[in-house]
Amino acid sequence: MAAADMNAAGLRRDERAERWRLFGLSSPALLLVLVILVIPVGWLFYVSFIGADGTFSLENYERMIKRKSYSRIFITTFQVSLLTTGLCILIGYPLAYFMSQLPVKWANLCLITVLLPFWTSLLVRTYAWLVLLQKQGLVNQWAISMGLWDEPLKFVHNMTGTLIGMVHIMLPFLILPVYGAMRAIDGDYLKAASNLGASPRRAFWTVFFPLSTPGLFAGSLMVFVLCLGFFVTPAVLGGGRVIMVSMKIVSNIELFVNWGAASALGVVLLLMTAVILWIASRFLKLEQMTGGGH
Amino acid sequence: MTTKPDALPITVRGVTKTYGRVRALDDVSLDVKSGEFLTLLGPSGSGKTTLLMVLAGFTRPDKGSLKFGEHEMIRTAPHLRGVGMVFQNYALFPHMTVAGNVGYPLRLRGTPKAEMAERIERALDLVQLGGYGKRGIEQLSGGQKQRVALARSIVFEPRILLMDEPLSALDKKLRDRMQIELRHLHEQLGMTTVYVTHDQREALTMSDRIAVVNHGRIMQLAEPQQLYDRPENKFVADFIGDSSFLPVMRGGAGVTFGDMAIRMDGAVPDADSLLLMIRPERARLLNGETPEDTNVFEATVTELVYQGESYLLYARLKDGSEIAVRGAIREGTYQNLPRAGDTARLGLHRADTVVIAGEDA
Ligand SMILES: Nc1ncnc2c1ncn2[C@@H]1O[C@H](COP(=O)(O)OP(=O)(O)OP(=O)(O)O)[C@@H](O)[C@H]1O
Ligand SMILES: [Mg+2]
């Protein structure tokens, strides 16, 4: 019919115009992504393939495979990340569970205290741990005066210190998604479980825990990935004994002024993170991490 | 009503529950007979859910006693009470399949695998969902979820079944069908059932007896027909069905309306203030005739409403009170009905004449 045709053309034009407008509106954001993400990462890739003599070369990657010190660094990085994630789960999950059982008003107060550390800088928090945990630090002085132990214990400049600091920094990243997932669990599920004969413990393990795993998985993944590239805390509290990839990148630049080697490490770290996220995304919808899905 | 030997009676005595200043349950006593289908009916906020939650063990009352059979249950933990419950939003576990949900109570009880599969299938057959075991919960329609919830709550053969507005999320057609199905299922299984609804038609359709609840108190407990025909107080008369009320006085052998003696079969309740209850479909429009055994009221029509299969006529009596009359519409009758401003004579047979206690009783 003529009338229908007439409008069809006009409506198509409207549709196209709308799409252009949408594109126009999002172009500043796209530009920003291009400038701060695509170009630097592209540059990183490029530099990593430039050898010491300024020509194309794979020497930066070959060095990583050949030298034993590099593999140690990668192992340490994974070790620290895994341990931090594990400790965060052990501390954060019960805490989030406790918060989820509180009335919303109290839970929000707890949430604020969990987020409080974000208000001070990472560096300050890390150095605060140094002050607390060092040989003559508050913890050792107090414990010795109380007679808990006689010799000052070595809490910092080693793995212990690194882990204490890392767990402290990372904990909110685990608690937030876990708490969110727990809050979203309808109380009627637990009532139903109990009505059907489940003791509180059974109800927890058969209903509550499985329903909270998406949050737990998302939080753990976040913590793990953040740990992989972490710098400040292991650098300060590890005292040079705990060397992670990020620290090697810094020393490559500051000490050896070798941009190629640093870039190659950056690329490997980036790819590893991407692979881990990709594998994880096959098990859980990534939008659950960003809070979009349920 | 088939009473299976292991159905249990429920005895509630003096149960009170307050939330701050609100008395959600006010000294409730109630006997549910073994194998009975009893409905709690009442307006929103009247305490129906609270009472059901006390039965299931999720709400701890301030005081009172609750017995299943001979056993005092008021302090028993919910998971040890052995009652089945269908939640209003079904509360099906989203991380389990249909079979996982229905089998959940059996798994908790350590039922052997083979027997479990068989009982799951039998329960699903019973709610007409045979073969749906492998489905995920999200793949079910509202009515199917409702059935799965039902199957889950009966698969472990509880002796008491509680349901909190289980049909409220369904559309009207499905709700009507499920009402009949639930009723049949109850006849088949015979477990003592307490059902909550605020839909009076649902209550009248399904129940052996209905307890009308208001402000945390039971206003009347009776069989559906008794409740409709002989309500004990104005709240019940008003809440169930439509009715008009005329103030009447004790006089002569019975009661009088103005100077007119009312003919009636039933007894006059023992109360100071009395009301004559008139159901619109029990009253009728009289033409010239004056039938026997009928109370006749002269009135002025204020409004005539067309409602498809029937009409509703509002008329004002001399003393200012209003009566509604409903009648069927057949060929041509609608045109001959009186209109607003006309006078009309309304008749109420003495068998349909019911006097109830007024509000202050
Ligand atoms: N957990 C609670 N905290 C405070 N007040 C409550 C709580 N539960 C119920 N109440 C109050 O108790 C009264 C009875 O509530 P209940 O849920 O039993 O009503 P209901 O009859 O089930 O109503 P509906 O038909 O709306 O479901 C209401 O006034 C309600 O506000
Ligand atoms: Mg309710």
# chains A, B, ... in the order shown; residues from 1 in each chain; ligands from 1
$ residues_near_ligand --ligand "ligand 2" --cutoff "9 Å" --atoms "only C-alpha atoms and all ligand atoms" --output "MDAnalysis selection string"
chainID B and resid 44:50 52 88 164:165 196:198
$ residues_around --residues "Leu83 of chain A" --least-positions-apart "5" --cutoff "9 Å" --atoms "only C-alpha atoms" --output "number ranges by chain"
A: 78, 88, 163, 167
$ residues_near_ligand --ligand "ligand 1" --cutoff "12 Å" --atoms "only C-alpha atoms and all ligand atoms" --output "ChimeraX atom specification"
/A:103 /B:16-26,40-54,58-61,87-89,163-166,168,195-200,212-218
$ write_last_selection --atoms "C-alpha atoms" --output "CSV table (one decimal), in the first residue's frame"
chain,number,residue,atom,x,y,z
A,103,PRO,CA,19.4,-5.4,59.8
B,16,THR,CA,-0.6,-13.7,70.9
B,17,LYS,CA,2.0,-12.0,68.8
B,18,THR,CA,2.8,-8.2,69.0
B,19,TYR,CA,5.1,-6.2,66.8
B,20,GLY,CA,5.7,-3.1,68.8
B,21,ARG,CA,2.2,-1.7,69.1
B,22,VAL,CA,0.6,-3.8,66.5
B,23,ARG,CA,-1.2,-6.9,67.7
B,24,ALA,CA,-0.7,-9.2,64.7
B,25,LEU,CA,-2.3,-12.1,66.6
B,26,ASP,CA,-4.6,-11.4,69.5
B,40,LEU,CA,-7.8,-18.4,56.9
B,41,LEU,CA,-9.6,-15.5,55.2
B,42,GLY,CA,-9.2,-11.9,56.0
B,43,PRO,CA,-8.2,-8.4,54.8
B,44,SER,CA,-4.6,-7.4,54.2
B,45,GLY,CA,-2.7,-7.0,57.5
B,46,SER,CA,-5.2,-9.1,59.5
B,47,GLY,CA,-2.6,-11.6,60.7
B,48,LYS,CA,-3.1,-14.5,58.4
B,49,THR,CA,0.5,-14.9,57.4
B,50,THR,CA,1.6,-14.4,61.0
B,51,LEU,CA,-0.6,-17.2,62.1
B,52,LEU,CA,0.7,-19.5,59.4
B,53,MET,CA,4.3,-18.6,60.3
B,54,VAL,CA,3.6,-19.5,63.9
B,58,PHE,CA,9.2,-19.1,61.6
B,59,THR,CA,7.5,-16.6,64.0
B,60,ARG,CA,7.9,-17.0,67.7
B,61,PRO,CA,4.7,-15.8,69.4
B,87,PHE,CA,5.3,-20.1,50.0
B,88,GLN,CA,3.5,-17.2,48.3
B,89,ASN,CA,6.5,-16.7,45.9
B,163,MET,CA,-0.2,-22.7,52.0
B,164,ASP,CA,0.1,-18.9,52.0
B,165,GLU,CA,-1.8,-17.4,49.1
B,166,PRO,CA,-0.3,-20.0,46.7
B,168,SER,CA,-2.2,-15.1,44.1
B,195,TYR,CA,-4.7,-22.3,53.5
B,196,VAL,CA,-4.4,-18.6,53.5
B,197,THR,CA,-6.2,-16.3,51.0
B,198,HIS,CA,-7.8,-12.9,50.9
B,199,ASP,CA,-10.0,-14.0,48.0
B,200,GLN,CA,-13.4,-14.9,49.4
B,212,VAL,CA,-12.4,-15.2,59.0
B,213,VAL,CA,-9.6,-13.1,60.5
B,214,ASN,CA,-9.5,-9.4,61.4
B,215,HIS,CA,-7.1,-7.4,63.5
B,216,GLY,CA,-5.4,-10.7,64.6
B,217,ARG,CA,-8.7,-12.2,65.9
B,218,ILE,CA,-10.9,-14.9,64.5
$ residues_around --residues "segment 105-121 of chain A" --least-positions-apart "3" --cutoff "9 Å" --atoms "only C-alpha atoms" --output "JSON, numbers by chain"
{"A": [98, 99, 100, 101, 102, 124, 125, 126, 168, 169, 171, 172, 175, 176]}
$ interface_residues --of "chain B" --to "chain A" --cutoff "9 Å" --atoms "only C-alpha atoms" --output "list in words"
Ala56, Gly57, Phe58, Ala77, Pro78, His79, Leu80, Arg81, Gly82, Val83, Gly84, Met85, Val86, Phe87, Asn89, Tyr90, Ala91, Leu92, Phe93, Pro94, His95, Tyr104, Pro105, Leu106, Leu108, Arg109, Arg152, Ser153 and Phe156 of chain B
$ closest_atom_pairs --of "segment 276-304 of chain B" --to "segment 232-243 of chain B" --cutoff "8 Å" --atoms "only C-alpha atoms" --output "tab-separated table"
residue	atom	partner	partner_atom	distance
B:Met277	CA	B:Ser243	CA	6.3
B:Ile278	CA	B:Ser243	CA	5.3
B:Arg279	CA	B:Ser243	CA	4.5
B:Pro280	CA	B:Ser243	CA	6.3
$ residues_around --residues "segment 147-162 of chain A" --least-positions-apart "2" --cutoff "7 Å" --atoms "only C-alpha atoms" --output "ChimeraX atom specification"
/A:130,133-135,140,143-145,164-166,233-234,237-242
$ select_by_dssp --residues "segment 66-178 of chain A" --states "alpha helix (DSSP H)" --output "PyMOL selection string"
chain A and resi 66+68-101+104-115+122-133+138-146+159-178
$ atom_distance --atom1 "atom CA of Gly288 of chain B" --atom2 "atom CA of Glu322 of chain B"
21.5 Å
$ atom_distance --atom1 "atom CA of Gly254 of chain B" --atom2 "atom CA of Ala211 of chain B"
28.9 Å
$ atom_distance --atom1 "atom CA of Thr97 of chain B" --atom2 "atom CA of Arg282 of chain A"
20.8 Å
$ residues_around --residues "Leu204 of chain B" --least-positions-apart "6" --cutoff "10 Å" --atoms "only C-alpha atoms" --output "PyMOL selection string"
chain B and resi 39+41+210+223-225+227-228+240
$ select_by_dssp --residues "segment 216-336 of chain B" --states "strand (DSSP E)" --output "ChimeraX atom specification"
/B:217-222,244-251,254-257,260-261,274-278,284-286,294-306,310-317,322-328
$ residues_around --residues "Gly51 of chain A" --least-positions-apart "2" --cutoff "10 Å" --atoms "only C-alpha atoms" --output "list in words"
Val47, Ser48, Phe49, Asp53, Gly54, Thr55, Phe56, Ser57, Leu58, Glu59, Asn60, Asn258, Trp259, Gly260 and Ala261 of chain A
$ write_last_selection --atoms "N, CA and C atoms" --output "PDB file, in the first residue's frame"
ATOM      1  N   VAL A  47      56.971  -1.526  21.737  1.00  0.00           N
ATOM      2  CA  VAL A  47      58.267  -1.380  22.410  1.00  0.00           C
ATOM      3  C   VAL A  47      58.819  -2.730  22.840  1.00  0.00           C
ATOM      4  N   SER A  48      57.905  -3.647  23.227  1.00  0.00           N
ATOM      5  CA  SER A  48      58.381  -4.933  23.732  1.00  0.00           C
ATOM      6  C   SER A  48      59.088  -5.744  22.653  1.00  0.00           C
ATOM      7  N   PHE A  49      58.870  -5.397  21.405  1.00  0.00           N
ATOM      8  CA  PHE A  49      59.530  -6.132  20.305  1.00  0.00           C
ATOM      9  C   PHE A  49      60.751  -5.400  19.762  1.00  0.00           C
ATOM     10  N   ASP A  53      69.496  -2.938  20.315  1.00  0.00           N
ATOM     11  CA  ASP A  53      70.080  -2.195  19.201  1.00  0.00           C
ATOM     12  C   ASP A  53      69.057  -1.376  18.428  1.00  0.00           C
ATOM     13  N   GLY A  54      67.828  -1.368  18.875  1.00  0.00           N
ATOM     14  CA  GLY A  54      66.822  -0.498  18.269  1.00  0.00           C
ATOM     15  C   GLY A  54      66.121  -1.092  17.064  1.00  0.00           C
ATOM     16  N   THR A  55      66.328  -2.380  16.810  1.00  0.00           N
ATOM     17  CA  THR A  55      65.611  -3.014  15.707  1.00  0.00           C
ATOM     18  C   THR A  55      64.650  -4.071  16.251  1.00  0.00           C
ATOM     19  N   PHE A  56      63.834  -4.600  15.319  1.00  0.00           N
ATOM     20  CA  PHE A  56      62.889  -5.624  15.734  1.00  0.00           C
ATOM     21  C   PHE A  56      63.624  -6.845  16.271  1.00  0.00           C
ATOM     22  N   SER A  57      63.155  -7.348  17.421  1.00  0.00           N
ATOM     23  CA  SER A  57      63.819  -8.509  18.004  1.00  0.00           C
ATOM     24  C   SER A  57      62.911  -9.156  19.030  1.00  0.00           C
ATOM     25  N   LEU A  58      63.148 -10.461  19.266  1.00  0.00           N
ATOM     26  CA  LEU A  58      62.369 -11.177  20.279  1.00  0.00           C
ATOM     27  C   LEU A  58      63.155 -11.317  21.571  1.00  0.00           C
ATOM     28  N   GLU A  59      64.307 -10.613  21.687  1.00  0.00           N
ATOM     29  CA  GLU A  59      65.219 -10.863  22.801  1.00  0.00           C
ATOM     30  C   GLU A  59      64.573 -10.610  24.158  1.00  0.00           C
ATOM     31  N   ASN A  60      63.623  -9.648  24.220  1.00  0.00           N
ATOM     32  CA  ASN A  60      62.979  -9.361  25.502  1.00  0.00           C
ATOM     33  C   ASN A  60      62.185 -10.558  26.008  1.00  0.00           C
ATOM     34  N   ASN A 258      65.807  -0.256  30.665  1.00  0.00           N
ATOM     35  CA  ASN A 258      65.520  -1.151  29.557  1.00  0.00           C
ATOM     36  C   ASN A 258      64.010  -1.172  29.302  1.00  0.00           C
ATOM     37  N   TRP A 259      63.557  -0.275  28.459  1.00  0.00           N
ATOM     38  CA  TRP A 259      62.119  -0.160  28.206  1.00  0.00           C
ATOM     39  C   TRP A 259      61.568  -1.395  27.512  1.00  0.00           C
ATOM     40  N   GLY A 260      62.380  -1.992  26.687  1.00  0.00           N
ATOM     41  CA  GLY A 260      61.921  -3.183  25.965  1.00  0.00           C
ATOM     42  C   GLY A 260      61.593  -4.316  26.915  1.00  0.00           C
ATOM     43  N   ALA A 261      62.513  -4.586  27.856  1.00  0.00           N
ATOM     44  CA  ALA A 261      62.298  -5.670  28.813  1.00  0.00           C
ATOM     45  C   ALA A 261      61.079  -5.389  29.668  1.00  0.00           C
TER      46      ALA A 261
END
$ decode --residues "segment 123-135 of chain A" --atoms "N, CA and C atoms" --output "mmCIF file, in the first residue's frame"
data_model
loop_
_atom_site.group_PDB
_atom_site.id
_atom_site.type_symbol
_atom_site.label_atom_id
_atom_site.label_comp_id
_atom_site.auth_asym_id
_atom_site.auth_seq_id
_atom_site.Cartn_x
_atom_site.Cartn_y
_atom_site.Cartn_z
ATOM 1 N N LEU A 123 49.512 4.262 49.944
ATOM 2 C CA LEU A 123 50.866 4.398 50.449
ATOM 3 C C LEU A 123 50.852 4.588 51.961
ATOM 4 N N VAL A 124 49.928 5.450 52.402
ATOM 5 C CA VAL A 124 49.841 5.723 53.839
ATOM 6 C C VAL A 124 49.495 4.453 54.598
ATOM 7 N N ARG A 125 48.525 3.706 54.051
ATOM 8 C CA ARG A 125 48.113 2.484 54.732
ATOM 9 C C ARG A 125 49.257 1.481 54.800
ATOM 10 N N THR A 126 49.997 1.404 53.692
ATOM 11 C CA THR A 126 51.093 0.442 53.656
ATOM 12 C C THR A 126 52.186 0.824 54.658
ATOM 13 N N TYR A 127 52.524 2.120 54.686
ATOM 14 C CA TYR A 127 53.565 2.543 55.633
ATOM 15 C C TYR A 127 53.088 2.410 57.068
ATOM 16 N N ALA A 128 51.785 2.556 57.256
ATOM 17 C CA ALA A 128 51.240 2.375 58.602
ATOM 18 C C ALA A 128 51.508 0.955 59.088
ATOM 19 N N TRP A 129 51.346 -0.008 58.174
ATOM 20 C CA TRP A 129 51.648 -1.391 58.542
ATOM 21 C C TRP A 129 53.124 -1.541 58.893
ATOM 22 N N LEU A 130 53.981 -0.832 58.136
ATOM 23 C CA LEU A 130 55.415 -0.899 58.403
ATOM 24 C C LEU A 130 55.693 -0.427 59.825
ATOM 25 N N VAL A 131 55.053 0.701 60.184
ATOM 26 C CA VAL A 131 55.233 1.262 61.525
ATOM 27 C C VAL A 131 54.756 0.272 62.586
ATOM 28 N N LEU A 132 53.640 -0.342 62.308
ATOM 29 C CA LEU A 132 53.058 -1.255 63.294
ATOM 30 C C LEU A 132 53.881 -2.524 63.456
ATOM 31 N N LEU A 133 54.351 -3.061 62.318
ATOM 32 C CA LEU A 133 54.876 -4.425 62.332
ATOM 33 C C LEU A 133 56.391 -4.530 62.423
ATOM 34 N N GLN A 134 57.119 -3.419 62.240
ATOM 35 C CA GLN A 134 58.582 -3.542 62.199
ATOM 36 C C GLN A 134 59.129 -4.000 63.554
ATOM 37 N N LYS A 135 60.442 -4.246 63.562
ATOM 38 C CA LYS A 135 61.091 -4.832 64.748
ATOM 39 C C LYS A 135 60.762 -4.056 66.017
#
